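Chemist: Below is protein31.cif; it holds mmCIF, C-alpha atoms.
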data_structure
loop_
_atom_site.group_PDB
_atom_site.id
_atom_site.type_symbol
_atom_site.label_atom_id
_atom_site.label_comp_id
_atom_site.auth_asym_id
_atom_site.auth_seq_id
_atom_site.Cartn_x
_atom_site.Cartn_y
_atom_site.Cartn_z
ATOM 1 C CA MET A 259 -12.052 -85.381 -8.669
ATOM 2 C CA GLY A 260 -15.206 -86.589 -7.085
ATOM 3 C CA PHE A 261 -17.092 -87.290 -3.906
ATOM 4 C CA ALA A 262 -17.130 -90.671 -2.154
ATOM 5 C CA LEU A 263 -18.780 -92.084 0.928
ATOM 6 C CA PRO A 264 -16.265 -91.839 3.775
ATOM 7 C CA GLN A 265 -13.998 -94.790 4.421
ATOM 8 C CA SER A 266 -14.624 -96.228 7.830
ATOM 9 C CA SER A 267 -13.818 -99.104 10.073
ATOM 10 C CA ILE A 268 -16.621 -100.985 11.787
ATOM 11 C CA PRO A 269 -15.400 -102.396 15.094
ATOM 12 C CA GLY A 270 -15.215 -106.187 14.970
ATOM 13 C CA LEU A 271 -16.599 -106.612 11.434
ATOM 14 C CA ALA A 272 -13.286 -107.315 9.680
ATOM 15 C CA GLU A 273 -12.343 -109.938 12.257
ATOM 16 C CA PHE A 274 -15.786 -111.538 12.008
ATOM 17 C CA LEU A 275 -15.714 -111.688 8.201
ATOM 18 C CA LEU A 276 -12.155 -112.976 7.919
ATOM 19 C CA ASN A 277 -12.706 -115.666 10.564
ATOM 20 C CA PHE A 278 -16.002 -116.859 9.069
ATOM 21 C CA LYS A 279 -16.203 -120.515 7.991
ATOM 22 C CA PRO A 280 -18.976 -122.473 6.204
ATOM 23 C CA ALA A 281 -19.436 -124.519 9.393
ATOM 24 C CA ASP A 282 -20.766 -121.329 11.036
ATOM 25 C CA GLU A 283 -23.811 -121.495 8.697
ATOM 26 C CA PRO A 284 -23.891 -125.116 7.472
ATOM 27 C CA GLU A 285 -27.400 -124.879 5.924
ATOM 28 C CA SER A 286 -26.677 -121.745 3.877
ATOM 29 C CA ALA A 287 -26.474 -122.371 0.133
ATOM 30 C CA VAL A 288 -25.269 -118.763 -0.331
ATOM 31 C CA VAL A 289 -22.296 -119.279 1.992
ATOM 32 C CA LYS A 290 -21.355 -122.516 0.206
ATOM 33 C CA ALA A 291 -21.664 -120.923 -3.243
ATOM 34 C CA MET A 292 -19.527 -117.927 -2.257
ATOM 35 C CA TRP A 293 -16.942 -120.183 -0.621
ATOM 36 C CA GLU A 294 -16.724 -122.292 -3.800
ATOM 37 C CA MET A 295 -16.339 -119.118 -5.880
ATOM 38 C CA PHE A 296 -13.640 -117.625 -3.607
ATOM 39 C CA PHE A 297 -11.515 -120.778 -3.468
ATOM 40 C CA ASP A 298 -12.337 -122.381 -6.843
ATOM 41 C CA CYS A 299 -13.378 -125.601 -5.132
ATOM 42 C CA THR A 300 -16.580 -127.568 -4.540
ATOM 43 C CA PHE A 301 -18.374 -129.168 -1.604
ATOM 44 C CA SER A 302 -19.899 -131.780 -3.984
ATOM 45 C CA SER A 303 -17.958 -134.719 -5.321
ATOM 46 C CA SER A 304 -16.413 -133.746 -8.637
ATOM 47 C CA ASN A 305 -13.596 -134.834 -10.880
ATOM 48 C CA ILE A 306 -13.333 -131.287 -12.233
ATOM 49 C CA SER A 307 -12.734 -129.193 -9.100
ATOM 50 C CA THR A 308 -10.734 -129.443 -5.920
ATOM 51 C CA MET A 309 -12.803 -130.370 -2.872
ATOM 52 C CA CYS A 310 -13.480 -127.557 -0.403
ATOM 53 C CA THR A 311 -12.483 -128.356 3.161
ATOM 54 C CA GLY A 312 -14.250 -125.393 4.745
ATOM 55 C CA THR A 313 -11.017 -124.494 6.519
ATOM 56 C CA GLU A 314 -9.605 -122.372 3.697
ATOM 57 C CA ASP A 315 -8.413 -118.931 4.895
ATOM 58 C CA LEU A 316 -10.313 -115.868 3.640
ATOM 59 C CA ARG A 317 -7.199 -113.764 4.317
ATOM 60 C CA THR A 318 -5.640 -115.366 1.217
ATOM 61 C CA VAL A 319 -8.422 -114.104 -1.071
ATOM 62 C CA SER A 320 -8.225 -110.650 -2.613
ATOM 63 C CA ASN A 321 -11.493 -109.283 -4.012
ATOM 64 C CA ASP A 322 -14.201 -106.707 -3.223
ATOM 65 C CA TYR A 323 -15.906 -109.042 -0.740
ATOM 66 C CA THR A 324 -12.788 -109.674 1.333
ATOM 67 C CA ASP A 325 -11.321 -106.145 1.229
ATOM 68 C CA VAL A 326 -12.106 -105.178 4.817
ATOM 69 C CA THR A 327 -10.201 -101.900 4.684
ATOM 70 C CA GLN A 328 -12.812 -99.814 2.887
ATOM 71 C CA PHE A 329 -16.203 -100.118 4.509
ATOM 72 C CA ARG A 330 -17.961 -97.266 2.732
ATOM 73 C CA ALA A 331 -21.543 -98.354 1.968
ATOM 74 C CA GLU A 332 -21.457 -100.884 4.815
ATOM 75 C CA ASN A 333 -20.835 -98.042 7.250
ATOM 76 C CA ASN A 334 -24.193 -96.508 6.290
ATOM 77 C CA VAL A 335 -25.908 -99.807 7.137
ATOM 78 C CA TYR A 336 -23.999 -99.911 10.441
ATOM 79 C CA LYS A 337 -25.147 -96.366 11.284
ATOM 80 C CA ALA A 338 -28.746 -97.128 10.236
ATOM 81 C CA VAL A 339 -28.938 -100.144 12.557
ATOM 82 C CA TYR A 340 -27.663 -98.054 15.460
ATOM 83 C CA LEU A 341 -30.060 -95.239 14.507
ATOM 84 C CA VAL A 342 -33.066 -97.564 14.774
ATOM 85 C CA ALA A 343 -31.737 -99.048 18.031
ATOM 86 C CA TYR A 344 -31.372 -95.567 19.541
ATOM 87 C CA ALA A 345 -34.898 -94.680 18.340
ATOM 88 C CA PHE A 346 -36.319 -97.830 19.991
ATOM 89 C CA HIS A 347 -34.465 -96.973 23.179
ATOM 90 C CA ALA A 348 -35.841 -93.402 23.169
ATOM 91 C CA LEU A 349 -39.356 -94.641 22.366
ATOM 92 C CA LEU A 350 -39.442 -97.101 25.266
ATOM 93 C CA GLN A 351 -38.169 -94.665 27.912
ATOM 94 C CA CYS A 352 -40.695 -93.876 30.629
ATOM 95 C CA LYS A 353 -40.464 -91.537 33.606
ATOM 96 C CA ASN A 354 -43.436 -90.635 35.761
ATOM 97 C CA GLY A 355 -45.862 -91.962 33.124
ATOM 98 C CA SER A 356 -44.471 -90.018 30.164
ATOM 99 C CA ASN A 357 -41.744 -90.322 27.572
ATOM 100 C CA PRO A 358 -38.888 -87.930 28.514
ATOM 101 C CA THR A 359 -38.074 -87.265 24.840
ATOM 102 C CA THR A 360 -41.554 -86.335 23.629
ATOM 103 C CA GLY A 361 -43.566 -85.735 26.781
ATOM 104 C CA LYS A 362 -46.255 -88.087 25.439
ATOM 105 C CA PRO A 363 -47.681 -91.008 27.447
ATOM 106 C CA CYS A 364 -45.371 -94.008 27.790
ATOM 107 C CA VAL A 365 -45.494 -96.825 25.250
ATOM 108 C CA ASN A 366 -44.833 -100.445 26.168
ATOM 109 C CA LYS A 367 -42.968 -102.772 23.822
ATOM 110 C CA ASN A 368 -46.195 -104.442 22.643
ATOM 111 C CA GLU A 369 -47.535 -101.095 21.371
ATOM 112 C CA VAL A 370 -44.528 -100.232 19.188
ATOM 113 C CA GLU A 371 -45.491 -99.358 15.609
ATOM 114 C CA PRO A 372 -43.294 -98.219 12.705
ATOM 115 C CA LYS A 373 -44.714 -94.675 12.805
ATOM 116 C CA LEU A 374 -43.701 -94.349 16.476
ATOM 117 C CA VAL A 375 -40.152 -95.521 15.729
ATOM 118 C CA LEU A 376 -39.972 -93.061 12.820
ATOM 119 C CA GLU A 377 -41.188 -90.261 15.086
ATOM 120 C CA HIS A 378 -38.360 -90.997 17.540
ATOM 121 C CA ILE A 379 -35.680 -91.244 14.846
ATOM 122 C CA LYS A 380 -35.769 -87.464 14.449
ATOM 123 C CA TYR A 381 -34.611 -87.094 18.077
ATOM 124 C CA VAL A 382 -31.625 -89.413 17.741
ATOM 125 C CA ASN A 383 -28.200 -87.791 17.999
ATOM 126 C CA PHE A 384 -25.092 -89.909 18.528
ATOM 127 C CA THR A 385 -21.474 -90.305 17.468
ATOM 128 C CA THR A 386 -20.143 -93.675 16.316
ATOM 129 C CA GLU A 387 -16.931 -95.184 17.698
ATOM 130 C CA ASN A 388 -15.089 -93.909 14.616
ATOM 131 C CA GLY A 389 -16.327 -90.314 15.102
ATOM 132 C CA ALA A 390 -19.194 -90.096 12.589
ATOM 133 C CA LYS A 391 -22.043 -87.898 13.807
ATOM 134 C CA VAL A 392 -25.571 -89.212 13.216
ATOM 135 C CA PHE A 393 -28.536 -86.867 13.614
ATOM 136 C CA PHE A 394 -31.241 -85.079 11.650
ATOM 137 C CA ASP A 395 -31.602 -81.324 11.278
ATOM 138 C CA GLU A 396 -34.780 -79.311 11.755
ATOM 139 C CA ASN A 397 -35.857 -80.224 8.185
ATOM 140 C CA GLY A 398 -35.417 -83.943 8.848
ATOM 141 C CA ASP A 399 -32.291 -84.152 6.690
ATOM 142 C CA SER A 400 -29.388 -86.320 7.770
ATOM 143 C CA VAL A 401 -25.835 -85.080 7.909
ATOM 144 C CA ALA A 402 -24.140 -85.251 4.519
ATOM 145 C CA GLN A 403 -20.569 -86.490 4.898
ATOM 146 C CA TYR A 404 -18.329 -87.179 1.913
ATOM 147 C CA GLU A 405 -14.664 -87.525 1.129
ATOM 148 C CA LEU A 406 -13.296 -85.464 -1.720
ATOM 149 C CA VAL A 407 -11.190 -87.894 -3.741
ATOM 150 C CA ASN A 408 -8.752 -87.458 -6.603
ATOM 151 C CA TRP A 409 -7.993 -90.181 -9.142
ATOM 152 C CA GLN A 410 -4.225 -90.177 -9.631
ATOM 153 C CA MET A 411 -2.547 -92.189 -12.382
ATOM 154 C CA LYS A 412 0.587 -94.020 -11.253
ATOM 155 C CA GLU A 413 3.577 -94.742 -13.474
ATOM 156 C CA ASP A 414 2.516 -98.370 -13.957
ATOM 157 C CA GLY A 415 -0.871 -97.240 -15.346
ATOM 158 C CA SER A 416 -2.892 -98.142 -12.255
ATOM 159 C CA VAL A 417 -4.959 -95.547 -10.438
ATOM 160 C CA ASP A 418 -4.763 -94.463 -6.813
ATOM 161 C CA ILE A 419 -7.875 -92.912 -5.305
ATOM 162 C CA VAL A 420 -6.499 -90.315 -2.901
ATOM 163 C CA ASN A 421 -8.552 -88.597 -0.196
ATOM 164 C CA ILE A 422 -7.804 -84.871 -0.596
ATOM 165 C CA GLY A 423 -10.499 -83.395 1.630
ATOM 166 C CA GLN A 424 -13.996 -83.657 3.015
ATOM 167 C CA TYR A 425 -17.458 -82.176 2.881
ATOM 168 C CA ASP A 426 -19.500 -82.346 6.088
ATOM 169 C CA THR A 427 -22.768 -80.492 6.673
ATOM 170 C CA ALA A 428 -22.348 -80.967 10.448
ATOM 171 C CA PHE A 429 -19.576 -78.343 10.357
ATOM 172 C CA PRO A 430 -20.363 -74.605 10.700
ATOM 173 C CA GLU A 431 -20.976 -72.443 7.620
ATOM 174 C CA GLY A 432 -17.711 -71.676 5.846
ATOM 175 C CA GLU A 433 -16.097 -74.858 7.212
ATOM 176 C CA LYS A 434 -18.248 -77.542 5.563
ATOM 177 C CA PHE A 435 -15.758 -78.052 2.716
ATOM 178 C CA LYS A 436 -12.122 -78.662 3.691
ATOM 179 C CA LEU A 437 -9.104 -79.596 1.597
ATOM 180 C CA LYS A 438 -6.263 -81.421 3.318
ATOM 181 C CA LYS A 439 -3.117 -79.347 3.652
ATOM 182 C CA ASN A 440 -0.070 -80.325 1.599
ATOM 183 C CA THR A 441 -2.045 -82.746 -0.556
ATOM 184 C CA GLU A 442 -1.128 -82.966 -4.220
ATOM 185 C CA ILE A 443 -4.077 -82.760 -6.591
ATOM 186 C CA VAL A 444 -3.618 -84.225 -10.059
ATOM 187 C CA TRP A 445 -5.784 -82.593 -12.723
ATOM 188 C CA GLY A 446 -6.848 -83.851 -16.147
ATOM 189 C CA GLY A 447 -3.945 -84.711 -18.414
ATOM 190 C CA ASN A 448 -1.965 -85.776 -15.327
ATOM 191 C CA LYS A 449 -1.080 -82.142 -14.543
ATOM 192 C CA ASN A 450 -0.268 -80.971 -11.018
ATOM 193 C CA LYS A 451 -1.446 -77.417 -11.740
ATOM 194 C CA TRP A 452 -4.581 -76.069 -13.271
ATOM 195 C CA ASP A 453 -3.816 -73.665 -16.070
ATOM 196 C CA ILE A 454 -6.369 -70.883 -16.152
#
Hey, can you dump this file as structure tokens for me?
Modeler:
Amino acid sequence: MGFALPQSSIPGLAEFLLNFKPADEPESAVVKAMWEMFFDCTFSSSNISTMCTGTEDLRTVSNDYTDVTQFRAENNVYKAVYLVAYAFHALLQCKNGSNPTTGKPCVNKNEVEPKLVLEHIKYVNFTTENGAKVFFDENGDSVAQYELVNWQMKEDGSVDIVNIGQYDTAFPEGEKFKLKKNTEIVWGGNKNKWDI
């Protein structure tokens, strides 16, 4: 058993990634190199490799880069970008000469400094489209959200990583750790019960 960053979908990202073509960024050496790696082809004349057309379909490739079903770490980047955007928005608010969040004098966009953005981050509180809560507590700590996962050996020797619960510090005391009901947990030695 172990903890994992929560699986999440990021609206529009899978479609964007799977529809991406080298023509979208024709000057990018990184895009060309990855495309050549994914499709075992080349954009340079070669007698050794197949020529890349740039129209190959990323949906036919199966690897960590094209698996758009498990945005775990990427979801933290997604939330961080929104966090900073919300902080900028809060920082630039002005009503009757003062910032409604802090009560301090208004700041115009030319006066924005990193320390001001950081100051406003602590006031941010929002929920993403997929239900993740993003805020900081009175100590400045972010919400800790993890899936409790169980590695389960299948008959063919492969391993399934099964979500069996969650840990979320946004929940009230006594409810932060939850196991899913009717979920089978496989213990060491491939046992379904823990002998005490």
Chemist: Need the shell around His378 in chain A: protein/DNA/RNA residues with any atom at most 9 Å away, counting all atoms listed in the file. Skip same-chain ones fewer than 2 positions apart. Format as an mmCIF file with C-alpha atoms, in the frame of the given file?
Modeler:
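File selection.cif, as written:
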data_model
loop_
_atom_site.group_PDB
_atom_site.id
_atom_site.type_symbol
_atom_site.label_atom_id
_atom_site.label_comp_id
_atom_site.auth_asym_id
_atom_site.auth_seq_id
_atom_site.Cartn_x
_atom_site.Cartn_y
_atom_site.Cartn_z
ATOM 1 C CA VAL A 342 -33.066 -97.564 14.774
ATOM 2 C CA TYR A 344 -31.372 -95.567 19.541
ATOM 3 C CA ALA A 345 -34.898 -94.680 18.340
ATOM 4 C CA PHE A 346 -36.319 -97.830 19.991
ATOM 5 C CA ALA A 348 -35.841 -93.402 23.169
ATOM 6 C CA LEU A 349 -39.356 -94.641 22.366
ATOM 7 C CA THR A 359 -38.074 -87.265 24.840
ATOM 8 C CA THR A 360 -41.554 -86.335 23.629
ATOM 9 C CA LYS A 373 -44.714 -94.675 12.805
ATOM 10 C CA LEU A 374 -43.701 -94.349 16.476
ATOM 11 C CA VAL A 375 -40.152 -95.521 15.729
ATOM 12 C CA LEU A 376 -39.972 -93.061 12.820
ATOM 13 C CA LYS A 380 -35.769 -87.464 14.449
ATOM 14 C CA TYR A 381 -34.611 -87.094 18.077
ATOM 15 C CA VAL A 382 -31.625 -89.413 17.741
#
Chemist: For the PyMOL selection byres ((chain A and resi 397-400) around 12), applied here, can you spell out every residue it catches as a PyMOL selection string?
Modeler: chain A and resi 334+337-338+341+376-383+390-396+401-403+426-428
Chemist: Considering all atoms listed in the file, return as a list in words whatever protein or nucleic-acid residues lie within 7 Å of Phe261 in chain A, sequence-local ones (same chain, fewer than 5 positions apart) excluded.
Modeler: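 The contact residues come out as Tyr404, Glu405, Leu406 and Val407 of chain A.
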Chemist: List, as a ChimeraX atom specification, every residue that the PyMOL selection byres ((chain A and resi 411) around 12) selects in the file provided.
Modeler: /A:408-410,412-420,443-450
Chemist: Write out the residues from the selection above, keeping C-alpha atoms, as a PDB file, in the frame of the given file.
Modeler:
ATOM      1  CA  ASN A 408      -8.752 -87.458  -6.603  1.00  0.00           C
ATOM      2  CA  TRP A 409      -7.993 -90.181  -9.142  1.00  0.00           C
ATOM      3  CA  GLN A 410      -4.225 -90.177  -9.631  1.00  0.00           C
ATOM      4  CA  LYS A 412       0.587 -94.020 -11.253  1.00  0.00           C
ATOM      5  CA  GLU A 413       3.577 -94.742 -13.474  1.00  0.00           C
ATOM      6  CA  ASP A 414       2.516 -98.370 -13.957  1.00  0.00           C
ATOM      7  CA  GLY A 415      -0.871 -97.240 -15.346  1.00  0.00           C
ATOM      8  CA  SER A 416      -2.892 -98.142 -12.255  1.00  0.00           C
ATOM      9  CA  VAL A 417      -4.959 -95.547 -10.438  1.00  0.00           C
ATOM     10  CA  ASP A 418      -4.763 -94.463  -6.813  1.00  0.00           C
ATOM     11  CA  ILE A 419      -7.875 -92.912  -5.305  1.00  0.00           C
ATOM     12  CA  VAL A 420      -6.499 -90.315  -2.901  1.00  0.00           C
ATOM     13  CA  ILE A 443      -4.077 -82.760  -6.591  1.00  0.00           C
ATOM     14  CA  VAL A 444      -3.618 -84.225 -10.059  1.00  0.00           C
ATOM     15  CA  TRP A 445      -5.784 -82.593 -12.723  1.00  0.00           C
ATOM     16  CA  GLY A 446      -6.848 -83.851 -16.147  1.00  0.00           C
ATOM     17  CA  GLY A 447      -3.945 -84.711 -18.414  1.00  0.00           C
ATOM     18  CA  ASN A 448      -1.965 -85.776 -15.327  1.00  0.00           C
ATOM     19  CA  LYS A 449      -1.080 -82.142 -14.543  1.00  0.00           C
ATOM     20  CA  ASN A 450      -0.268 -80.971 -11.018  1.00  0.00           C
TER      21      ASN A 450
END
Chemist: If I take CA of Phe329 in chain A and CA of Ser286 in chain A, how far is one from the other in Å, to one decimal?
Modeler: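 Computed distance, CA of Phe329 in chain A to CA of Ser286 in chain A, equals 24.0 Å.
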Chemist: For a quick check of understanding, using only C-alpha atoms, which of A:Pro264, A:Pro280, A:Gly389, A:Gly312 has the smallest distance to Ala331 in chain A?
Modeler: A:Pro264
Chemist: Find the residue from A:Tyr336, A:Leu350, A:Glu314, A:Glu387 that sits nearest to Glu371 in chain A; use only C-alpha atoms when measuring.
Modeler: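 Closest to Glu371 in chain A, using only C-alpha atoms: A:Leu350.
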Chemist: May I ask for the distance between CA of Ile422 in chain A and CA of Thr441 in chain A, given in Å to one decimal place?
Modeler: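 Distance between the two atoms: 6.1 Å.
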Chemist: Compare A:Ser266, A:Pro430, A:Gln351, A:Glu294 by their minimum atom-to-atom distance to Pro363 in chain A, counting only C-alpha atoms, and give me the closest one.
Modeler: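 Closest residue, counting only C-alpha atoms: A:Gln351.
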Chemist: Between CA of Asp298 in chain A and CA of Leu271 in chain A, measure the distance and give it in Å to one decimal.
Modeler: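 Separating CA of Asp298 in chain A from CA of Leu271 in chain A is a distance of 24.5 Å.
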Chemist: Around all the atoms of range 306-316 of chain A listed in the file, with 4 Å of room on each side, what axis-aligned box do you get, giving centre and edge lengths in Å to one decimal, as AutoDock Vina command-line options?
Modeler:
--center_x -11.3 --center_y -123.6 --center_z -2.9 --size_x 13.8 --size_y 23.4 --size_z 26.8
Chemist: Can you translate the PyMOL selection byres ((chain A and resi 295) around 12) into the concrete residues it hits in this file, as a list in words?
Modeler: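 Here the PyMOL selection byres ((chain A and resi 295) around 12) matches Val288, Val289, Lys290, Ala291, Met292, Trp293, Glu294, Phe296, Phe297, Asp298, Cys299, Thr300, Phe301, Ser307, Thr308, Cys310, Leu316, Val319, Asn321 and Tyr323 of chain A.
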